[in-house]
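Some notes on the structure that comes next.
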Amino acid sequence: MALSIIAEKTQAGYSHVVDVQWCRGDGTMSHSVVLVRYADDMVLLARTESEARQAWERLQNQFAALRLVVNQEKSRLTTVEEGFAFLGFEFRKPPRRLLYMWPRKKACQHIRDRVREVVRSFPSSALVGEVIRKLNPILNGWCTYFRAGNSNHIFHQIDWAVLSELQLWLRRKHQRSWRSARKRWNYQFLYKRCRLYQMVGRVSHLPGLRRTPPEEDGRRAGCGKSARPVR
């Protein structure tokens with residue numbers, strides 16, 4: 001049976017009151033629909049569309065009683081086959097396959113932009129070691145957050161983007177051609193000799209998630225922080 005999901009974002013920061021209403025005294029769910037929340041982002045997990053719609057009505061009534069406003073544009077009904085985004089991850093379960101999770105495109109673009117910003121903030125008189133010392137904590141933090149799930153393919157792409165950005169900076173610094181820059185400041189030089197942080201190989205697979213994400217089929221994730229179908 002397909003899993004129906006409602007995802008949403010509330011306007012207020014005290015929606016923990018809703019958690020209490022959905023749980024028993026021992027902390028377990030008092031309803032067949034599971035509520036997952038972090039700060040003001042939440043997802044409701046239901047087995048059927050009917051259960052999902054009933055839970056959605058119940059939740060809206062609870063918000064109304066608390067005088068909370070639900071962002072209707074970021075709240076919708078979807079399925080795991082369509083996919084949804086939550087807390088920076090993309091979740092999807094293709095038909096007759098298991099669940100996949102990996103960093104969404106918006107999160108990947110953010111780390112690329114951050115790397116570009118840091119590298120290009122250094123003048124040509126700086127040493128490459130200084131640039132790497134500034135980059136490594138940023139790369140480490142992003143990798144640590146997204147290392148769960150099926151992230152290795154994405155990590156390959158980010159590592160390559162970081163390598164290319166540093167090669168561009170070194171090329172401009174030493175007035176070299178692209179061919180020369182890539183040959184001189186290659187993988188071995190930057191990752192092995194200069195100890196640039198490498199994401200590949202740091203994936204921590206959750207049980208049952210040792211798989212490669214399916215192809216995107218030309219679809220892209222919607223913008224915004226809250227979960228939503230992939231279109």
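Residue numbers start at 1 in each chain; chains themselves are named A, B, ... in the order of the structure tokens; ligands are numbered from 1 in the order shown.
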
From a backbone DSSP assignment, name each residue in segment 14-228 of chain A labelled alpha helix (DSSP H), as a VMD selection string. chain A and resid 16 to 22 49 to 65 105 to 120 128 to 146 152 to 174 178 to 184 187

Excluding segment 126-132 of chain A and its own-chain neighbours fewer than 3 positions away, which residues fall within 8 Å of it when counting only C-alpha atoms? Please give them as a PyMOL selection string. chain A and resi 118-119+122-123+135-136+170+194-196

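Minimum atom-to-atom distances from A:Tyr145, A:Trp22, A:Trp178, A:Phe89 to Ser164 of chain A were compared using only C-alpha atoms, and the lowest value belongs to A:Trp178.
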
Residues near Trp56 of chain A, cut-off 12 Å, only C-alpha atoms, skip fewer than 3 positions along chain, as a ChimeraX atom specification: /A:4-8,33-35,42-46,49-53,59-63,70,72,75-77

Distance of atom CA of Asn186 of chain A from atom CA of Ser151 of chain A, expressed in Å to one decimal place: 23.6 Å

When you look at Ala65 of chain A with a cut-off of 12 Å (counting only C-alpha atoms), what residues show up, excluding the ones that are within fewer than 5 positions of it in the same chain? I need them as a PyMOL selection string. chain A and resi 15+17-18+21+58-60

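Compared by their closest atoms to Arg116 of chain A, and using only C-alpha atoms, the residues A:Leu166, A:Ala55, A:Cys143, A:Met199 rank with A:Leu166 nearest.
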
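With distances restricted to only C-alpha atoms, A:Gln109 is the closest residue to Ala161 of chain A from A:Ser177, A:Gln109, A:Ser124, A:Asn140.
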
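Minimum distance to Arg171 of chain A across A:Tyr100, A:Trp185, A:Trp142, A:Phe91 (counting only C-alpha atoms) occurs at A:Trp185.
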
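What separates atom CA of Phe86 of chain A from atom CA of His110 of chain A is a distance of 15.7 Å.
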
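Note that the spacing between atom CA of Arg37 of chain A and atom CA of Ile158 of chain A amounts to 28.5 Å.
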